[in-house]
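In what follows, a structure is listed as structure tokens, so that the remarks can point back to it.
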Amino acid sequence: MIITKETNIFEKVSKEEVHKKLVEIFGKENVSNRSVDLYPYSYDMTECPPSMPDFVVIPENKEQLVELVKFCNQNVIPIVPYISGNNVGGLTIPERGGIIVDFGKKMNKILHINENMMYALLEPGVTFGQLKKHLDDNYPQLRYSYPFAPPYASVVGNAILSGMNNLSCKIGSMGDSINGLEVITVDGEIARIGSCFYGKDEADPDSWWCRYPMPDLMGLFINWQGMTGLITKCAVQLWPKKPIQKIEALAIFDLEDIGELCREMGRTEVVDDIAFGSTELIKMCCEIPEPKIFPEESRMMATSVITAHTENEYKAKKEIYLNTIEKFREEGMRIYPMDFGEFVELFNLRLRCYADLPSMVLSLVEYSGLTWFGSYAPSHKIEELAKKVDEIFKKYNVPLFLNMKPMKYSHYCIFRPIIRFNKFKDEERIHKLLNEIVDTCVDFGCIPYKTPAWMTEKMREKINPGWLKLFEKIKKCMDPNGIFNPGRWNT
Ligand SMILES: Cc1cc2nc3c(=O)[nH]c(=O)nc-3n(C[C@H](O)[C@H](O)[C@H](O)COP(=O)(O)OP(=O)(O)OC[C@H]3O[C@@H](n4cnc5c(N)ncnc54)[C@H](O)[C@@H]3O)c2cc1C
């Protein structure tokens, strides 16, 4: 049975009184304390230990949330914001129990699309699938940037965790794409951050177009994993959807070449995105069970997306792309361009879905467990990192699932070793493997995102003490009673 950590959170007010208050705020049908309803919120696919919440509530509006926050702050009851729990970091597991606030069920409206300034104003529960359909149906000239996450994961959850999506080679972190936020702080105040800050009670829906040049308060909420307040609205940037979009594939035979290749392909500025995947990862995407690599096989594959307004623009971009590859080939790199369409027809037609995200990588979630060391990484160290991580995977006899991409045209990159595992058989071994990866990668300067508490504990040993003190001061100031998602970042 899953139990909650040994802290009594009902010291100031009894559990029965809390229940009564929640029903008063949200209505009986939107509150539950039944184990059967609470259980799905107690775990995720990672190795992070499960823990039961005491209640789940389904909010419909911000007024209810203001009341909830005031009540919880007064009585020191934990609040864990939740949208779809697909963060792959244990971030919505209620470590100390308390109240899960599930935004996914009813606070999931697309509030406004501004075509001119290209942004969408969203409630937290809007999913990638929902936004894509809405844009395709109503604004076919606009698009968002989508991850490999399932279509039912949330746009806002991904943005506030600095996700990296399929325009990231061009635009960088999704955190940078946030134009504005509406948040409820611990005292129950509603604050609007960004160019939407004019206006006393409500903002003009057309005013969410930028976050500068006032002091950037957005940083108080991005990457804080729900530890500083509740977000009730978020404006994210959209991008022009060009009529031509084609995928290029590249086979790479030597692991030591991927660093230079990754950096240089990003710098060409002709690809919207380029994702590098180890051959084992590609085979997994082709739904080959227990993928292995054989001697003399290529080690990696890169898929690049090139978009253009006209055929001439496409041809010019493709020429630059191919010239870059040719230059490396002349220098002796064993890399070979492939026709993505032919590759898909040969191996698995479902791969076409990954050319049109969001989509579900079914084989990635077919085991009971999924975890990773998803990190922002210094791109000049990629080749060394890949070599070390490959050795660790070999030591544990686990297939190397490695995913990488240059960000913002190669200013930095993503380095993400991924592990599927059987939770009830393999958890201990996989946790050991992941521990070794964390130690190695953090030593190289990688900064993991969506970090579970056991990982931030390790990072704390290496982080500048001044940063840590400032971080603690801000957390204390934003949440003096520690009610917002307690336990994250070891708070
Ligand atoms: C198979 C798979 C593949 C993935 N691939 C990628 C990928 O390619 N790139 C990528 O970037 N990500 C990827 N992800 C992760 C995923 O995109 C994001 O982490 C996800 O979109 C977060 O949304 P969510 O609905 O799961 O949020 P949740 O997990 O429910 O919440 C995310 C965090 O935000 C907090 N939070 C939620 N709502 C609020 C609120 N209203 N106010 C304040 N805080 C709040 C939560 O407490 C939590 O800390 C993948 C996930 C899976 C399962």
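Within each chain, counting starts at residue 1; across the structure tokens, chains are named A, B, ... in the order shown, with ligands numbered 1 upward in that order.
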
Identify, with DSSP run on backbone atoms, the residues in stretch 253-383 of chain A assigned to strand (DSSP E or B), and express the list as a PyMOL selection string. chain A and resi 273-278+300-308+335-338+369-372+375-377

Include N, CA and C atoms and write out the residues we just selected as a tab-separated table (two decimals), in the first residue's frame.
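Output contents, as saved in selection_13.tsv:
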chain	number	residue	atom	x	y	z
A	273	ASP	N	14.57	22.18	-36.93
A	273	ASP	CA	14.90	21.30	-35.84
A	273	ASP	C	15.75	20.16	-36.38
A	274	ILE	N	16.63	19.66	-35.53
A	274	ILE	CA	17.37	18.44	-35.90
A	274	ILE	C	17.49	17.59	-34.64
A	275	ALA	N	17.02	16.36	-34.73
A	275	ALA	CA	17.06	15.49	-33.56
A	275	ALA	C	17.99	14.32	-33.85
A	276	PHE	N	18.95	14.11	-32.96
A	276	PHE	CA	19.86	12.97	-33.09
A	276	PHE	C	19.35	11.86	-32.19
A	277	GLY	N	19.28	10.65	-32.72
A	277	GLY	CA	18.86	9.51	-31.90
A	277	GLY	C	19.82	8.36	-32.11
A	278	SER	N	20.16	7.65	-31.03
A	278	SER	CA	21.03	6.48	-31.18
A	278	SER	C	20.27	5.43	-31.99
A	300	MET	N	24.14	6.30	-34.98
A	300	MET	CA	23.10	7.32	-34.74
A	300	MET	C	22.40	7.67	-36.03
A	301	MET	N	21.21	8.26	-35.84
A	301	MET	CA	20.52	8.81	-37.00
A	301	MET	C	20.07	10.23	-36.63
A	302	ALA	N	20.13	11.12	-37.60
A	302	ALA	CA	19.65	12.49	-37.34
A	302	ALA	C	18.49	12.76	-38.28
A	303	THR	N	17.40	13.32	-37.75
A	303	THR	CA	16.32	13.75	-38.64
A	303	THR	C	16.20	15.27	-38.53
A	304	SER	N	16.19	15.91	-39.68
A	304	SER	CA	16.12	17.38	-39.72
A	304	SER	C	14.84	17.81	-40.40
A	305	VAL	N	14.30	18.91	-39.92
A	305	VAL	CA	13.10	19.46	-40.55
A	305	VAL	C	13.49	20.75	-41.27
A	306	ILE	N	13.21	20.78	-42.57
A	306	ILE	CA	13.47	22.01	-43.33
A	306	ILE	C	12.12	22.54	-43.81
A	307	THR	N	11.85	23.81	-43.54
A	307	THR	CA	10.58	24.40	-43.99
A	307	THR	C	10.89	25.58	-44.91
A	308	ALA	N	9.92	25.89	-45.77
A	308	ALA	CA	10.14	27.00	-46.70
A	308	ALA	C	8.80	27.53	-47.21
A	335	ILE	N	29.24	9.62	-42.72
A	335	ILE	CA	27.83	10.02	-42.59
A	335	ILE	C	27.15	9.92	-43.96
A	336	TYR	N	25.89	9.48	-43.96
A	336	TYR	CA	25.22	9.21	-45.23
A	336	TYR	C	23.79	9.74	-45.20
A	337	PRO	N	23.48	10.71	-46.08
A	337	PRO	CA	22.08	11.18	-46.16
A	337	PRO	C	21.17	10.05	-46.66
A	338	MET	N	19.96	9.99	-46.11
A	338	MET	CA	19.01	8.94	-46.53
A	338	MET	C	17.69	9.62	-46.87
A	369	GLY	N	7.83	1.35	-16.65
A	369	GLY	CA	8.67	2.45	-16.19
A	369	GLY	C	9.32	3.21	-17.34
A	370	LEU	N	9.46	4.52	-17.16
A	370	LEU	CA	10.17	5.37	-18.12
A	370	LEU	C	10.88	6.45	-17.31
A	371	THR	N	12.16	6.62	-17.59
A	371	THR	CA	12.88	7.68	-16.89
A	371	THR	C	13.98	8.22	-17.79
A	372	TRP	N	14.56	9.35	-17.42
A	372	TRP	CA	15.66	9.88	-18.23
A	372	TRP	C	16.48	10.87	-17.44
A	375	SER	N	18.68	16.85	-20.11
A	375	SER	CA	19.47	17.99	-19.61
A	375	SER	C	19.78	18.99	-20.71
A	376	TYR	N	19.99	20.22	-20.27
A	376	TYR	CA	20.60	21.23	-21.12
A	376	TYR	C	22.11	21.02	-20.95
A	377	ALA	N	22.83	20.99	-22.07
A	377	ALA	CA	24.24	20.59	-21.99
A	377	ALA	C	25.15	21.55	-22.76

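Proximity of A:Ala235, A:Ile113, A:Ile93, A:Leu470 to A:Pro452, computed with only C-alpha atoms, is greatest for A:Ile93.
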
Once DSSP has gone over the backbone, tell me which residues of stretch 47-241 of chain A are in helix (DSSP H, G or I), as an MDAnalysis selection string. chainID A and resid 62:75 128:138 155:160 168:171 174:177 195:197 205:207 217:220

N, CA and C atoms of the current selection, written as a tab-separated table (two decimals), in the first residue's frame:
chain	number	residue	atom	x	y	z
A	62	LYS	N	-10.57	30.92	-11.29
A	62	LYS	CA	-9.52	31.40	-10.39
A	62	LYS	C	-10.06	31.83	-9.03
A	63	GLU	N	-11.32	32.23	-8.99
A	63	GLU	CA	-11.89	32.66	-7.71
A	63	GLU	C	-11.85	31.51	-6.70
A	64	GLN	N	-12.17	30.31	-7.17
A	64	GLN	CA	-12.11	29.13	-6.29
A	64	GLN	C	-10.67	28.93	-5.79
A	65	LEU	N	-9.72	29.15	-6.70
A	65	LEU	CA	-8.32	28.89	-6.34
A	65	LEU	C	-7.79	29.92	-5.34
A	66	VAL	N	-8.26	31.16	-5.48
A	66	VAL	CA	-7.87	32.20	-4.51
A	66	VAL	C	-8.31	31.77	-3.12
A	67	GLU	N	-9.53	31.30	-3.03
A	67	GLU	CA	-10.06	30.86	-1.73
A	67	GLU	C	-9.27	29.67	-1.18
A	68	LEU	N	-8.96	28.75	-2.10
A	68	LEU	CA	-8.20	27.55	-1.69
A	68	LEU	C	-6.82	27.93	-1.15
A	69	VAL	N	-6.13	28.79	-1.90
A	69	VAL	CA	-4.76	29.16	-1.49
A	69	VAL	C	-4.78	29.86	-0.13
A	70	LYS	N	-5.73	30.77	0.06
A	70	LYS	CA	-5.81	31.48	1.36
A	70	LYS	C	-6.03	30.47	2.49
A	71	PHE	N	-6.95	29.56	2.27
A	71	PHE	CA	-7.28	28.55	3.30
A	71	PHE	C	-6.07	27.66	3.60
A	72	CYS	N	-5.41	27.19	2.53
A	72	CYS	CA	-4.29	26.27	2.72
A	72	CYS	C	-3.10	26.97	3.37
A	73	ASN	N	-2.89	28.22	3.01
A	73	ASN	CA	-1.77	28.96	3.61
A	73	ASN	C	-2.00	29.18	5.10
A	74	GLN	N	-3.24	29.52	5.42
A	74	GLN	CA	-3.58	29.74	6.83
A	74	GLN	C	-3.42	28.46	7.65
A	75	ASN	N	-3.72	27.32	7.01
A	75	ASN	CA	-3.72	26.06	7.77
A	75	ASN	C	-2.56	25.12	7.41
A	128	PHE	N	-1.51	19.54	-26.07
A	128	PHE	CA	-0.87	19.76	-27.37
A	128	PHE	C	-1.82	19.38	-28.50
A	129	GLY	N	-2.53	18.25	-28.32
A	129	GLY	CA	-3.44	17.79	-29.36
A	129	GLY	C	-4.54	18.81	-29.61
A	130	GLN	N	-5.06	19.35	-28.50
A	130	GLN	CA	-6.16	20.33	-28.57
A	130	GLN	C	-5.69	21.61	-29.29
A	131	LEU	N	-4.49	22.09	-28.95
A	131	LEU	CA	-4.00	23.33	-29.57
A	131	LEU	C	-3.74	23.09	-31.05
A	132	LYS	N	-3.13	21.95	-31.38
A	132	LYS	CA	-2.83	21.66	-32.79
A	132	LYS	C	-4.12	21.62	-33.61
A	133	LYS	N	-5.14	20.95	-33.09
A	133	LYS	CA	-6.40	20.83	-33.83
A	133	LYS	C	-7.04	22.21	-34.00
A	134	HIS	N	-7.03	22.99	-32.92
A	134	HIS	CA	-7.63	24.32	-32.97
A	134	HIS	C	-6.93	25.19	-34.02
A	135	LEU	N	-5.61	25.13	-34.06
A	135	LEU	CA	-4.87	25.95	-35.03
A	135	LEU	C	-5.10	25.43	-36.45
A	136	ASP	N	-5.01	24.12	-36.62
A	136	ASP	CA	-5.21	23.55	-37.97
A	136	ASP	C	-6.59	23.89	-38.51
A	137	ASP	N	-7.61	23.84	-37.63
A	137	ASP	CA	-8.99	24.09	-38.07
A	137	ASP	C	-9.26	25.58	-38.32
A	138	ASN	N	-8.66	26.43	-37.48
A	138	ASN	CA	-9.05	27.85	-37.53
A	138	ASN	C	-7.96	28.82	-37.97
A	155	VAL	N	0.40	21.98	-22.83
A	155	VAL	CA	1.27	23.00	-23.41
A	155	VAL	C	1.90	23.84	-22.30
A	156	VAL	N	1.09	24.25	-21.33
A	156	VAL	CA	1.58	25.15	-20.28
A	156	VAL	C	2.57	24.41	-19.37
A	157	GLY	N	2.25	23.14	-19.02
A	157	GLY	CA	3.16	22.35	-18.18
A	157	GLY	C	4.52	22.25	-18.85
A	158	ASN	N	4.52	22.03	-20.13
A	158	ASN	CA	5.76	21.89	-20.89
A	158	ASN	C	6.53	23.23	-20.95
A	159	ALA	N	5.79	24.32	-21.14
A	159	ALA	CA	6.45	25.64	-21.27
A	159	ALA	C	7.06	26.07	-19.93
A	160	ILE	N	6.30	25.86	-18.83
A	160	ILE	CA	6.84	26.33	-17.53
A	160	ILE	C	7.95	25.41	-17.01
A	168	SER	N	12.84	23.78	-31.51
A	168	SER	CA	13.82	24.27	-30.53
A	168	SER	C	15.19	24.54	-31.11
A	169	CYS	N	15.54	23.88	-32.22
A	169	CYS	CA	16.84	24.18	-32.81
A	169	CYS	C	16.85	25.66	-33.21
A	170	LYS	N	15.66	26.16	-33.62
A	170	LYS	CA	15.55	27.55	-34.04
A	170	LYS	C	15.27	28.48	-32.85
A	171	ILE	N	14.26	28.13	-32.03
A	171	ILE	CA	13.77	29.10	-31.03
A	171	ILE	C	14.26	28.82	-29.61
A	174	MET	N	11.28	26.25	-24.54
A	174	MET	CA	9.88	26.70	-24.56
A	174	MET	C	9.61	27.73	-23.46
A	175	GLY	N	10.45	27.74	-22.43
A	175	GLY	CA	10.32	28.78	-21.41
A	175	GLY	C	10.49	30.17	-22.02
A	176	ASP	N	11.34	30.28	-23.04
A	176	ASP	CA	11.57	31.57	-23.69
A	176	ASP	C	10.35	32.00	-24.50
A	177	SER	N	9.46	31.06	-24.79
A	177	SER	CA	8.31	31.36	-25.65
A	177	SER	C	7.11	31.86	-24.87
A	195	SER	N	3.48	41.99	-20.77
A	195	SER	CA	2.83	43.19	-21.32
A	195	SER	C	1.35	43.25	-20.96
A	196	CYS	N	0.81	42.15	-20.43
A	196	CYS	CA	-0.60	42.11	-19.99
A	196	CYS	C	-0.76	42.80	-18.63
A	197	PHE	N	0.30	43.44	-18.10
A	197	PHE	CA	0.21	44.00	-16.74
A	197	PHE	C	-0.60	45.29	-16.64
A	205	PRO	N	-7.39	40.91	-23.91
A	205	PRO	CA	-6.80	39.65	-24.43
A	205	PRO	C	-5.75	39.89	-25.52
A	206	ASP	N	-5.76	41.09	-26.12
A	206	ASP	CA	-4.75	41.37	-27.14
A	206	ASP	C	-3.48	42.00	-26.56
A	207	SER	N	-3.35	41.97	-25.23
A	207	SER	CA	-2.19	42.64	-24.62
A	207	SER	C	-1.12	41.66	-24.11
A	217	LEU	N	9.51	39.23	-14.08
A	217	LEU	CA	9.06	38.44	-12.94
A	217	LEU	C	8.69	37.00	-13.34
A	218	MET	N	8.75	36.74	-14.65
A	218	MET	CA	8.40	35.40	-15.13
A	218	MET	C	9.29	34.34	-14.49
A	219	GLY	N	10.54	34.72	-14.22
A	219	GLY	CA	11.50	33.78	-13.64
A	219	GLY	C	11.08	33.26	-12.27
A	220	LEU	N	10.13	33.94	-11.64
A	220	LEU	CA	9.65	33.46	-10.33
A	220	LEU	C	8.77	32.23	-10.48

Given the choices A:Pro399, A:Ile437, A:Cys286, A:Glu472, which gets closest to A:Lys458 if the distance is worked out from only C-alpha atoms? A:Ile437

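In this model, the gap between atom CA of A:Asn323 and atom CA of A:Pro243 comes to 23.8 Å.
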
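Across A:Trp209, A:Phe148, A:Trp224, A:Tyr43, the tightest approach to A:Leu364 is made by A:Phe148 when counting only C-alpha atoms.
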
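Distances here use only C-alpha atoms; by that measure, the residue among A:Ala386, A:Met333, A:Val36, A:Met117 closest to A:Pro240 is A:Met117.
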
What lies within 7 Å of stretch 77-79 of chain A using only C-alpha atoms, ignoring chain neighbours under 4 positions off, as a ChimeraX atom specification? /A:9,72-73,97-101,483-486

Provide the atom CA of A:Glu384 to atom CA of A:Arg263 distance in Å, to one decimal place. 13.9 Å

Taking only C-alpha atoms into account, which of A:Ile282, A:Ile430, A:Met455, A:Ile58 comes nearest A:Phe401? A:Ile282

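Comparing the minimum interatomic distances between ligand 1 and each of A:Gly199, A:Gly332, A:Gly487, A:Gly194, counting only C-alpha atoms and all ligand atoms, we find that A:Gly487 sits nearest.
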
Using atom CA of A:Glu297 and atom CA of A:Ile392 as the two end points, give the distance in Å to one decimal. 19.7 Å
